[in-house]
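A short worksheet on the structure shown next.
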There are 2 protein chains.
Amino acid sequence: MVEKVINYLHENREKHLEKLNDFLSIPSVSTDSIHNNDVEQAAKFVADYLNELGFSSVEVMQTKKHPLVYGEWMEAGENAPTVLLYGHYDVQPADPYELWDSEPFKPEVRNGRLYARGSSDDKGQVFMHLAVFEAYIKTTGTLPLNVKVCIEGEEEIGSENLYEILEKQKEKFDADFAVISDSGMVDSGQPTILYGLKGFTGLEFTVKGPSRDLHSGIYGGAVRNPAMAMAHILSTLKNMDEVVTVDGFYDGVEELTSDERELIKNVPGEDFVNSTGIPETTPEQGYTAKEHTMARPTLEINGLYSGYQGEGTKTIIPSSATAKLTCRLVPGQNPTRIQELLVEHLEKNVPAGVTIDIKREPLSAKAYKVDPNHPLITKAAKSYSEAFGKETVYVRMGGSIPVVELIETIYNIPIVLLGFGTPDDRLHSPNESFPLESFDKGMETLVYYWNEVRSK
Amino acid sequence: MVEKVINYLHENREKHLEKLNDFLSIPSVSTDSIHNNDVEQAAKFVADYLNELGFSSVEVMQTKKHPLVYGEWMEAGENAPTVLLYGHYDVQPADPYELWDSEPFKPEVRNGRLYARGSSDDKGQVFMHLAVFEAYIKTTGTLPLNVKVCIEGEEEIGSENLYEILEKQKEKFDADFAVISDSGMVDSGQPTILYGLKGFTGLEFTVKGPSRDLHSGIYGGAVRNPAMAMAHILSTLKNMDEVVTVDGFYDGVEELTSDERELIKNVPGEDFVNSTGIPETTPEQGYTAKEHTMARPTLEINGLYSGYQGEGTKTIIPSSATAKLTCRLVPGQNPTRIQELLVEHLEKNVPAGVTIDIKREPLSAKAYKVDPNHPLITKAAKSYSEAFGKETVYVRMGGSIPVVELIETIYNIPIVLLGFGTPDDRLHSPNESFPLESFDKGMETLVYYWNEVRSK
């Protein structure tokens, strides 16, 4: 049966690529109201496709900003599980236009890659799902499982209205598990299970000293230098072994199992020294760089400023110093709690002669992780390997995908990240592209996967 | 005899103020070539005055830029000492003009102060010397001691050509001691002996990590954060007790004697908390804020920057972090040696995973100090007290006056700083002014002083 479906995809490849081009040609830039009509058109494209396929309850749901497209296929019966498929049809702005080698909204194939804004993030991957549904329905008359499709138009502007819709219409979107194809593989052609993402919290703080910059000759020796106080405070946050020294920071963090260390070891990792130009990697004591980036929490200074920044010398004691901090968190760490620990730590470490002013970053995210041995995950790995002809690797990533936390918070269901992008896709940058190999083998992966998970 | 001289000054006060106004009306801004002719005029004013008084060898010495005015009075005889009087007739630019309440080059008296660019720094003080010479010569026929006058036109642009002239014509300018009136008193009407200035050295350094800003989620845990490395490095320079922790930094620094501590205690000091808005002063452990600012070396961060400085959050690992450092030094510390100690210290404290790039500040200055019990100093204190009717205080200052170091280096003679400015004079700023009280009592101080030091 699966062969028929895959054959259909092969036979209709040109037609599908043409149809994808139509989708990519719509400049559905969500952040710019000049494109509001284009955003509508892209939503309509998705809804039309679902209608064509015979999905029911197809709806372009209006929100306070851009619509969300819903549609369902519930004909697989009660014994089949129901999947919630999430994706987004909006894209990042394309500027600076002059850095594109071809028009961002006139898709063009070069060297086995399809160049267009949205080709990888996320219209290309959304389209692959729709084409696979088409292949199943045209060849078998139905889908192997029940499907609820949720394709939003506000991902690139923070999914402003998604939470409210999913929360308010919980039953409508409820499912046994969720699948999101809005991520990538560690390397081109390398099937990858992304089974964990880091959480996030942050804050900004200012060390305040004198009410104005002071002459260092006249006041040096009487006044605490806020930049030096800042250095002392920052140096209490992390030691030279890259261990965070904030009380309670690691509370609740699961130790890495030897199984997971093995999984991480098998990931064909980036050569960090080579790709970033640093003299050597400096991971947390007791961990490899891959382990730390994927599976251990981090605390980073993102910005720092104080006093005179121009050329040459200005002999002042600056009136203040500011630092921006963010943490990437792992399961077991609550972002709000970590932010509070940071605040407490900073307040405790303010030296005499200066004061501190802390701005908590309002955005945060919990870390996400599924058991890599969960059947929904092992089946995904099997499907990937079958399609790409290569062993699947398991990775956790330092990044955050807010919608993952959102779905987990509301539904508490397993989330499977089936991503087909590659590190060369240039998401959000000029010359975004998507490898045709990912297009073809990714769709095969989906065909295998839906077949694998057809029964509860 | 002294009374006659002082009487002459009283009787000729209006005439002198008018003549000073002529001097202040010349916009002798040395930094702007549009004023080259004005600078020449101001030099000529000084030379003409000296000629009028009967000084010999009066000369407008051409340099590579602005002329230096020389003149001498050697008729006091071999038993009288010779003083080198230094001052400058050039001024800072007056802009922003719109912030002046009266024209910067149209002197105006308001509330007992003479408002004009250069009224305090330094034309006003130069003029006072010339008027005192006039008073002595007109009433006694000579001066109490031999005088070599050296009034330059490049002080506000770094005294570029002064060193070469003094060095090459060493004998011409040689004297038993030097007097400079280009500084101030700690408070209006408070006679002040400035017997020490701090030296200066500095450097800028950059901690370099990855070749570009990196995504903190993907690279956090593999890559040393240069801003955090910077914080760790900076925190090794000074401890929380404001003690510099660079090896050898205090080598050769004289301990404060109880006599000096007493002198410092008697200075009516600025209330640092009140004037700067800090919660409390934080001097070096074991010293008061006045002691540290006046007589102990300091190390300050003047500027600091790394990564993202805009609003909100940007989750990057910055590629580099830069800090600007300067030190104020005391006698016994060699600026070049201290700079070298800093460089060694920084290089020793670079953590793995980053590199460091150090730019040495080329400008430096040695600290200056005369023995407060030197007869030339105690006589100055006595003269001040007599004129102002108030006990003289002894201060050392955190600032540097480059010409002091220059004269000391070439001639190795005592230098007496007889300054009559006040903290409210707004040097280099709009509305520069000079109190008429300083004009009157300062000239009386000079009359007393020349009389006091008339014999070797």
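Following the order of the structure tokens, chains are lettered A, B, ..., residues in each are numbered from 1, and ligands are numbered from 1.
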Over all C-alpha pairs taken in sequence order, what does chain A look like after a least-squares fit onto chain B? Please give it as a compact mmCIF listing (two decimals) with C-alpha atoms, in the first residue's frame.
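Wrote it out as superposed_20.txt, contents follow:
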```
# COMPACT_ATOMS: atom_id res chain seq x y z
CA MET A 1 57.27 98.45 50.64
CA VAL A 2 54.69 95.72 50.08
CA GLU A 3 51.90 98.13 51.10
CA LYS A 4 52.90 100.54 48.32
CA VAL A 5 52.68 97.76 45.78
CA ILE A 6 49.27 96.64 47.01
CA ASN A 7 48.05 100.24 47.08
CA TYR A 8 49.09 100.62 43.47
CA LEU A 9 46.96 97.59 42.60
CA HIS A 10 43.97 99.04 44.44
CA GLU A 11 44.34 102.41 42.73
CA ASN A 12 44.69 100.86 39.29
CA ARG A 13 42.01 98.19 39.66
CA GLU A 14 39.65 99.66 37.04
CA LYS A 15 42.46 100.22 34.59
CA HIS A 16 43.66 96.66 35.07
CA LEU A 17 40.19 95.17 34.68
CA GLU A 18 39.77 97.11 31.45
CA LYS A 19 43.09 95.90 30.19
CA LEU A 20 42.22 92.30 31.17
CA ASN A 21 38.97 92.72 29.23
CA ASP A 22 40.99 93.64 26.13
CA PHE A 23 43.01 90.44 26.61
CA LEU A 24 39.88 88.29 27.14
CA SER A 25 38.19 89.82 24.10
CA ILE A 26 40.69 88.13 21.79
CA PRO A 27 39.25 84.70 20.85
CA SER A 28 42.59 82.90 21.03
CA VAL A 29 41.18 79.43 20.46
CA SER A 30 44.24 77.30 19.72
CA THR A 31 42.48 74.24 18.33
CA ASP A 32 40.74 76.01 15.46
CA SER A 33 42.91 77.41 12.66
CA ILE A 34 40.25 80.01 11.89
CA HIS A 35 41.50 81.72 15.06
CA ASN A 36 45.20 81.64 14.11
CA ASN A 37 45.27 85.40 13.80
CA ASP A 38 43.56 85.83 17.18
CA VAL A 39 46.12 83.53 18.75
CA GLU A 40 48.86 85.77 17.29
CA GLN A 41 47.10 88.84 18.71
CA ALA A 42 46.93 87.34 22.19
CA ALA A 43 50.65 86.50 22.05
CA LYS A 44 51.32 90.07 20.95
CA PHE A 45 49.25 91.38 23.87
CA VAL A 46 51.48 89.52 26.34
CA ALA A 47 54.69 90.57 24.60
CA ASP A 48 53.55 94.22 24.42
CA TYR A 49 52.75 94.22 28.12
CA LEU A 50 56.19 92.81 28.96
CA ASN A 51 57.81 95.44 26.74
CA GLU A 52 55.82 98.19 28.39
CA LEU A 53 57.10 97.01 31.78
CA GLY A 54 60.69 97.10 30.56
CA PHE A 55 61.31 93.35 30.44
CA SER A 56 64.30 92.41 28.34
CA SER A 57 64.73 89.78 25.63
CA VAL A 58 61.02 89.93 24.97
CA GLU A 59 60.29 87.62 22.10
CA VAL A 60 57.33 86.06 20.35
CA MET A 61 58.99 82.72 19.63
CA GLN A 62 57.58 81.00 16.57
CA THR A 63 56.93 77.26 16.84
CA LYS A 64 55.52 74.71 14.43
CA LYS A 65 52.11 76.00 15.43
CA HIS A 66 51.38 78.79 17.90
CA PRO A 67 54.01 81.14 19.33
CA LEU A 68 55.42 81.11 22.83
CA VAL A 69 56.05 84.46 24.51
CA TYR A 70 59.29 84.89 26.38
CA GLY A 71 60.60 87.83 28.42
CA GLU A 72 62.92 88.26 31.38
CA TRP A 73 63.63 90.60 34.26
CA MET A 74 67.13 89.87 35.53
CA GLU A 75 67.78 93.11 37.42
CA ALA A 76 67.15 91.71 40.90
CA GLY A 77 70.77 90.71 41.07
CA GLU A 78 72.75 87.60 41.69
CA ASN A 79 71.60 87.14 45.27
CA ALA A 80 68.00 87.00 44.25
CA PRO A 81 66.62 83.73 42.97
CA THR A 82 65.23 83.32 39.46
CA VAL A 83 61.72 82.08 38.93
CA LEU A 84 60.33 80.57 35.74
CA LEU A 85 56.73 81.71 35.39
CA TYR A 86 54.61 79.46 33.19
CA GLY A 87 51.13 80.21 31.89
CA HIS A 88 49.14 80.05 28.67
CA TYR A 89 47.24 82.58 26.63
CA ASP A 90 45.28 80.16 24.46
CA VAL A 91 41.74 79.11 25.37
CA GLN A 92 39.26 76.31 24.78
CA PRO A 93 36.58 76.77 22.09
CA ALA A 94 33.48 78.55 23.38
CA ASP A 95 30.80 76.45 21.76
CA PRO A 96 28.03 75.63 22.39
CA TYR A 97 27.52 79.42 22.21
CA GLU A 98 23.80 79.21 22.92
CA LEU A 99 24.48 78.02 26.47
CA TRP A 100 26.35 81.20 27.39
CA ASP A 101 24.41 83.90 29.25
CA SER A 102 26.72 86.55 27.82
CA GLU A 103 29.10 86.58 24.88
CA PRO A 104 32.16 84.40 25.65
CA PHE A 105 34.52 87.02 24.20
CA LYS A 106 32.74 90.10 25.58
CA PRO A 107 33.70 90.00 29.25
CA GLU A 108 30.93 90.94 31.66
CA VAL A 109 30.85 91.23 35.45
CA ARG A 110 27.83 89.67 37.21
CA ASN A 111 27.50 88.92 40.93
CA GLY A 112 31.16 89.51 41.64
CA ARG A 113 32.37 87.26 38.84
CA LEU A 114 34.01 88.10 35.55
CA TYR A 115 32.40 86.02 32.80
CA ALA A 116 34.48 85.24 29.71
CA ARG A 117 36.23 82.31 28.07
CA GLY A 118 39.74 82.26 29.56
CA SER A 119 38.86 84.38 32.59
CA SER A 120 40.04 81.58 34.88
CA ASP A 121 41.86 79.26 32.44
CA ASP A 122 44.35 80.83 32.04
CA LYS A 123 44.38 84.38 30.69
CA GLY A 124 42.98 85.87 33.91
CA GLN A 125 45.69 84.28 36.02
CA VAL A 126 48.44 85.19 33.52
CA PHE A 127 47.24 88.78 33.54
CA MET A 128 47.35 88.91 37.36
CA HIS A 129 51.07 88.12 37.25
CA LEU A 130 51.73 90.84 34.68
CA ALA A 131 49.75 93.40 36.70
CA VAL A 132 51.67 92.48 39.86
CA PHE A 133 54.95 92.91 37.97
CA GLU A 134 53.68 96.31 36.85
CA ALA A 135 52.81 97.27 40.42
CA TYR A 136 56.27 96.30 41.70
CA ILE A 137 58.11 98.03 38.90
CA LYS A 138 56.03 101.22 39.03
CA THR A 139 56.35 101.55 42.81
CA THR A 140 59.81 100.10 43.54
CA GLY A 141 61.56 100.37 40.20
CA THR A 142 62.26 96.67 40.03
CA LEU A 143 61.05 93.17 40.94
CA PRO A 144 62.06 91.40 44.17
CA LEU A 145 63.51 88.49 42.21
CA ASN A 146 64.62 87.60 38.72
CA VAL A 147 61.83 86.45 36.48
CA LYS A 148 61.69 84.44 33.27
CA VAL A 149 58.26 84.56 31.72
CA CYS A 150 57.09 81.68 29.50
CA ILE A 151 53.53 82.01 28.25
CA GLU A 152 52.58 79.44 25.64
CA GLY A 153 49.72 79.26 23.14
CA GLU A 154 49.22 75.51 22.88
CA GLU A 155 48.24 74.35 26.34
CA GLU A 156 44.70 73.50 25.32
CA ILE A 157 45.95 71.36 22.46
CA GLY A 158 48.54 69.38 24.42
CA SER A 159 51.56 71.76 24.55
CA GLU A 160 52.82 70.12 21.39
CA ASN A 161 55.91 72.28 20.88
CA LEU A 162 56.70 73.32 24.44
CA TYR A 163 58.83 70.32 25.33
CA GLU A 164 61.13 70.74 22.36
CA ILE A 165 61.66 74.45 23.02
CA LEU A 166 62.38 74.03 26.73
CA GLU A 167 64.64 71.06 26.02
CA LYS A 168 66.59 72.74 23.22
CA GLN A 169 66.98 76.09 24.96
CA LYS A 170 67.45 74.70 28.41
CA GLU A 171 69.73 77.44 29.63
CA LYS A 172 67.48 80.25 28.47
CA PHE A 173 64.54 79.01 30.54
CA ASP A 174 66.54 77.62 33.46
CA ALA A 175 65.58 78.92 36.90
CA ASP A 176 65.75 78.12 40.62
CA PHE A 177 62.10 77.23 40.81
CA ALA A 178 58.96 77.49 38.76
CA VAL A 179 55.59 79.02 39.47
CA ILE A 180 52.45 78.00 37.61
CA SER A 181 49.11 79.70 38.08
CA ASP A 182 46.82 77.45 36.09
CA SER A 183 44.90 75.68 38.83
CA GLY A 184 42.48 76.42 41.61
CA MET A 185 41.59 76.48 45.25
CA VAL A 186 39.37 73.91 46.93
CA ASP A 187 36.71 76.49 47.60
CA SER A 188 36.00 80.11 46.85
CA GLY A 189 38.10 82.26 49.20
CA GLN A 190 39.91 79.23 50.63
CA PRO A 191 43.67 79.58 50.13
CA THR A 192 44.98 76.27 48.89
CA ILE A 193 48.42 74.82 48.35
CA LEU A 194 48.29 72.16 45.68
CA TYR A 195 51.45 70.22 46.51
CA GLY A 196 50.79 67.01 44.63
CA LEU A 197 49.25 65.77 41.39
CA LYS A 198 48.67 62.25 40.26
CA GLY A 199 50.35 60.62 37.32
CA PHE A 200 48.54 58.77 34.61
CA THR A 201 48.68 55.72 32.42
CA GLY A 202 46.13 53.68 30.56
CA LEU A 203 45.29 51.08 28.00
CA GLU A 204 42.42 49.58 26.08
CA PHE A 205 41.95 45.88 25.52
CA THR A 206 39.65 43.64 23.58
CA VAL A 207 38.72 40.10 24.46
CA LYS A 208 38.19 38.26 21.18
CA GLY A 209 36.10 35.16 20.80
CA PRO A 210 34.25 33.90 17.72
CA SER A 211 34.73 35.67 14.41
CA ARG A 212 31.11 36.87 14.46
CA ASP A 213 28.22 37.18 16.91
CA LEU A 214 26.77 33.71 17.39
CA HIS A 215 23.30 32.31 18.11
CA SER A 216 23.28 31.67 21.87
CA GLY A 217 21.08 28.61 21.48
CA ILE A 218 23.25 26.85 18.96
CA TYR A 219 26.68 27.82 20.29
CA GLY A 220 26.07 28.46 23.99
CA GLY A 221 28.01 25.81 25.82
CA ALA A 222 30.73 25.38 23.21
CA VAL A 223 32.07 28.90 22.96
CA ARG A 224 33.54 31.08 25.73
CA ASN A 225 31.47 34.26 25.96
CA PRO A 226 33.92 37.18 25.52
CA ALA A 227 31.76 39.49 27.67
CA MET A 228 31.85 36.98 30.52
CA ALA A 229 35.58 36.45 30.01
CA MET A 230 35.94 40.24 30.16
CA ALA A 231 34.04 40.34 33.47
CA HIS A 232 36.29 37.66 34.91
CA ILE A 233 39.42 39.44 33.75
CA LEU A 234 38.29 42.86 35.04
CA SER A 235 37.31 41.41 38.39
CA THR A 236 40.92 40.27 38.91
CA LEU A 237 42.18 43.87 38.70
CA LYS A 238 40.63 45.26 41.86
CA ASN A 239 38.94 43.60 44.81
CA MET A 240 35.72 44.69 46.50
CA ASP A 241 37.76 46.69 49.04
CA GLU A 242 39.01 48.91 46.20
CA VAL A 243 42.51 47.47 46.50
CA VAL A 244 44.21 47.02 43.13
CA THR A 245 45.23 43.37 42.86
CA VAL A 246 47.74 43.70 40.04
CA ASP A 247 51.10 42.32 41.18
CA GLY A 248 53.57 45.11 41.94
CA PHE A 249 51.05 47.92 41.51
CA TYR A 250 51.82 49.43 44.93
CA ASP A 251 55.59 48.80 44.77
CA GLY A 252 57.45 51.98 45.66
CA VAL A 253 54.35 53.85 46.80
CA GLU A 254 55.18 55.84 49.93
CA GLU A 255 52.90 55.17 52.87
CA LEU A 256 50.98 58.24 53.97
CA THR A 257 52.65 59.87 56.98
CA SER A 258 50.54 60.92 59.93
CA ASP A 259 51.51 64.52 59.09
CA GLU A 260 50.04 64.17 55.64
CA ARG A 261 46.94 62.44 56.92
CA GLU A 262 46.50 65.44 59.20
CA LEU A 263 46.94 67.87 56.28
CA ILE A 264 44.35 65.95 54.23
CA LYS A 265 41.95 65.80 57.15
CA ASN A 266 42.04 69.59 57.37
CA VAL A 267 40.99 70.13 53.75
CA PRO A 268 37.36 71.25 53.68
CA GLY A 269 36.44 68.36 51.40
CA GLU A 270 33.58 68.01 48.99
CA ASP A 271 30.69 65.98 50.36
CA PHE A 272 31.01 63.26 47.73
CA VAL A 273 27.71 61.58 48.59
CA ASN A 274 25.85 64.81 48.22
CA SER A 275 27.58 66.09 45.09
CA THR A 276 27.51 62.82 43.14
CA GLY A 277 24.33 61.13 44.35
CA ILE A 278 26.03 57.88 45.38
CA PRO A 279 24.72 55.88 48.38
CA GLU A 280 28.10 55.98 50.14
CA THR A 281 31.77 56.47 49.41
CA THR A 282 33.90 53.36 48.96
CA PRO A 283 37.57 54.25 49.38
CA GLU A 284 40.45 51.80 49.50
CA GLN A 285 40.45 49.75 52.68
CA GLY A 286 42.37 51.60 55.39
CA TYR A 287 41.97 55.06 53.86
CA THR A 288 39.38 57.80 53.87
CA ALA A 289 37.78 58.93 50.64
CA LYS A 290 39.80 62.16 50.79
CA GLU A 291 43.02 60.22 51.33
CA HIS A 292 42.29 57.89 48.45
CA THR A 293 41.28 60.61 45.99
CA MET A 294 44.24 62.84 46.87
CA ALA A 295 47.07 60.53 47.73
CA ARG A 296 46.48 56.89 46.77
CA PRO A 297 46.65 55.43 43.27
CA THR A 298 43.47 54.39 41.47
CA LEU A 299 42.50 52.10 38.61
CA GLU A 300 39.27 52.85 36.77
CA ILE A 301 37.27 51.34 33.95
CA ASN A 302 36.35 54.32 31.75
CA GLY A 303 34.38 52.42 29.14
CA LEU A 304 33.12 48.94 28.46
CA TYR A 305 31.22 47.47 25.53
CA SER A 306 30.21 44.18 24.03
CA GLY A 307 27.43 42.75 21.91
CA TYR A 308 23.93 44.08 21.64
CA GLN A 309 23.18 47.49 23.12
CA GLY A 310 19.75 48.26 21.70
CA GLU A 311 16.37 47.82 23.30
CA GLY A 312 15.12 44.41 24.32
CA THR A 313 16.80 41.09 23.85
CA LYS A 314 19.13 39.70 21.21
CA THR A 315 20.19 36.17 22.01
CA ILE A 316 23.78 36.28 20.86
CA ILE A 317 27.19 35.40 22.10
CA PRO A 318 29.10 38.59 21.23
CA SER A 319 32.23 38.13 19.18
CA SER A 320 34.26 40.47 21.40
CA ALA A 321 34.29 42.75 24.43
CA THR A 322 36.35 45.91 24.93
CA ALA A 323 37.36 47.81 28.05
CA LYS A 324 39.19 51.10 28.51
CA LEU A 325 41.28 51.43 31.66
CA THR A 326 43.21 54.31 33.18
CA CYS A 327 45.22 54.63 36.36
CA ARG A 328 45.97 57.71 38.42
CA LEU A 329 49.40 57.27 39.93
CA VAL A 330 51.28 58.61 42.94
CA PRO A 331 54.98 59.33 43.50
CA GLY A 332 57.03 56.14 43.39
CA GLN A 333 55.00 54.68 40.53
CA ASN A 334 56.49 54.80 37.07
CA PRO A 335 53.71 55.09 34.47
CA THR A 336 55.46 52.90 31.88
CA ARG A 337 56.20 50.24 34.47
CA ILE A 338 52.59 50.28 35.71
CA GLN A 339 51.30 49.98 32.15
CA GLU A 340 53.61 46.98 31.69
CA LEU A 341 52.36 45.37 34.91
CA LEU A 342 48.80 45.79 33.67
CA VAL A 343 49.64 44.21 30.33
CA GLU A 344 51.35 41.28 32.05
CA HIS A 345 48.43 40.84 34.42
CA LEU A 346 45.86 40.88 31.64
CA GLU A 347 47.81 38.44 29.50
CA LYS A 348 48.16 36.09 32.46
CA ASN A 349 44.43 36.14 33.15
CA VAL A 350 43.02 35.34 29.72
CA PRO A 351 40.86 32.23 30.00
CA ALA A 352 40.93 29.41 27.46
CA GLY A 353 38.79 29.92 24.39
CA VAL A 354 39.42 33.65 23.88
CA THR A 355 42.37 35.83 22.97
CA ILE A 356 43.28 39.34 24.01
CA ASP A 357 44.38 42.38 22.07
CA ILE A 358 45.93 45.24 24.07
CA LYS A 359 46.41 48.85 22.92
CA ARG A 360 48.73 50.81 25.18
CA GLU A 361 47.70 54.44 25.69
CA PRO A 362 50.68 56.47 24.42
CA LEU A 363 50.09 59.44 26.74
CA SER A 364 51.29 59.13 30.30
CA ALA A 365 52.39 61.35 33.15
CA LYS A 366 54.44 60.89 36.27
CA ALA A 367 52.96 61.97 39.57
CA TYR A 368 54.23 65.24 40.99
CA LYS A 369 54.75 66.12 44.60
CA VAL A 370 56.77 68.69 46.52
CA ASP A 371 57.57 68.44 50.19
CA PRO A 372 54.82 70.46 51.87
CA ASN A 373 57.49 71.69 54.31
CA HIS A 374 59.74 73.08 51.58
CA PRO A 375 60.32 76.81 52.32
CA LEU A 376 59.02 77.79 48.87
CA ILE A 377 55.77 76.06 49.80
CA THR A 378 55.41 77.27 53.38
CA LYS A 379 56.08 80.82 52.16
CA ALA A 380 53.36 80.42 49.57
CA ALA A 381 50.97 79.25 52.27
CA LYS A 382 51.88 82.23 54.42
CA SER A 383 51.28 84.64 51.52
CA TYR A 384 47.93 83.08 50.68
CA SER A 385 46.77 83.27 54.29
CA GLU A 386 47.85 86.89 54.58
CA ALA A 387 45.95 87.90 51.46
CA PHE A 388 42.79 85.87 52.02
CA GLY A 389 42.74 86.21 55.82
CA LYS A 390 42.29 82.51 56.25
CA GLU A 391 44.39 79.46 57.11
CA THR A 392 45.80 77.81 53.97
CA VAL A 393 44.96 74.17 53.33
CA TYR A 394 47.28 71.67 51.66
CA VAL A 395 45.89 69.38 49.02
CA ARG A 396 46.99 66.77 46.55
CA MET A 397 44.82 66.23 43.54
CA GLY A 398 43.82 63.25 41.44
CA GLY A 399 44.28 65.17 38.21
CA SER A 400 47.41 65.62 36.12
CA ILE A 401 48.92 68.83 34.66
CA PRO A 402 51.25 67.60 31.90
CA VAL A 403 53.39 70.78 31.87
CA VAL A 404 54.31 70.17 35.52
CA GLU A 405 55.83 66.82 34.66
CA LEU A 406 57.53 68.35 31.65
CA ILE A 407 59.23 71.12 33.63
CA GLU A 408 60.19 68.72 36.38
CA THR A 409 61.67 66.26 33.88
CA ILE A 410 63.78 68.87 32.11
CA TYR A 411 64.82 71.12 35.00
CA ASN A 412 64.29 69.06 38.15
CA ILE A 413 63.42 72.21 40.14
CA PRO A 414 60.70 72.81 42.73
CA ILE A 415 57.40 73.75 41.15
CA VAL A 416 54.96 75.89 43.07
CA LEU A 417 51.35 75.79 41.92
CA LEU A 418 49.79 79.13 42.83
CA GLY A 419 46.25 78.78 41.57
CA PHE A 420 43.35 81.11 42.23
CA GLY A 421 40.48 79.47 40.36
CA THR A 422 37.47 78.09 42.22
CA PRO A 423 35.37 74.93 41.71
CA ASP A 424 32.59 77.11 40.25
CA ASP A 425 34.66 78.55 37.40
CA ARG A 426 33.27 76.15 34.73
CA LEU A 427 36.56 75.70 32.91
CA HIS A 428 36.11 74.41 29.35
CA SER A 429 32.32 74.88 29.69
CA PRO A 430 29.86 77.62 28.81
CA ASN A 431 29.76 80.55 31.26
CA GLU A 432 33.39 80.29 32.36
CA SER A 433 34.03 82.91 35.02
CA PHE A 434 36.53 84.01 37.65
CA PRO A 435 35.67 85.59 41.00
CA LEU A 436 36.86 89.19 41.40
CA GLU A 437 37.78 88.22 44.95
CA SER A 438 40.34 85.82 43.48
CA PHE A 439 41.52 88.57 41.14
CA ASP A 440 42.14 91.00 44.00
CA LYS A 441 43.35 88.65 46.74
CA GLY A 442 45.26 86.51 44.29
CA MET A 443 47.32 89.50 43.20
CA GLU A 444 47.94 90.40 46.84
CA THR A 445 49.09 86.80 47.41
CA LEU A 446 51.58 87.21 44.56
CA VAL A 447 52.83 90.51 45.94
CA TYR A 448 53.47 88.88 49.33
CA TYR A 449 54.97 85.79 47.78
CA TRP A 450 57.54 87.51 45.58
CA ASN A 451 58.57 89.50 48.61
CA GLU A 452 58.84 86.35 50.75
CA VAL A 453 61.04 84.49 48.27
CA ARG A 454 63.21 87.45 47.25
CA SER A 455 66.39 86.01 48.76
CA LYS A 456 67.86 82.65 47.93
```
Members of stretch 118-212 of chain B assigned strand (DSSP E) by DSSP, as a list in words
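Strand (DSSP E) members of stretch 118-212 of chain B, listed: Asn146, Val147, Lys148, Val149, Cys150, Ile151, Glu152, Phe177, Ala178, Val179, Ile180, Thr192, Ile193, Leu194, Tyr195, Gly196, Leu197, Gly199, Phe200, Thr201, Gly202, Leu203, Glu204, Phe205, Thr206, Val207 and Lys208 of chain B.
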Residues flagged helix (DSSP H, G or I) by DSSP in stretch 271-334 of chain A, as an MDAnalysis selection string:
chainID A and resid 272:276 289:295
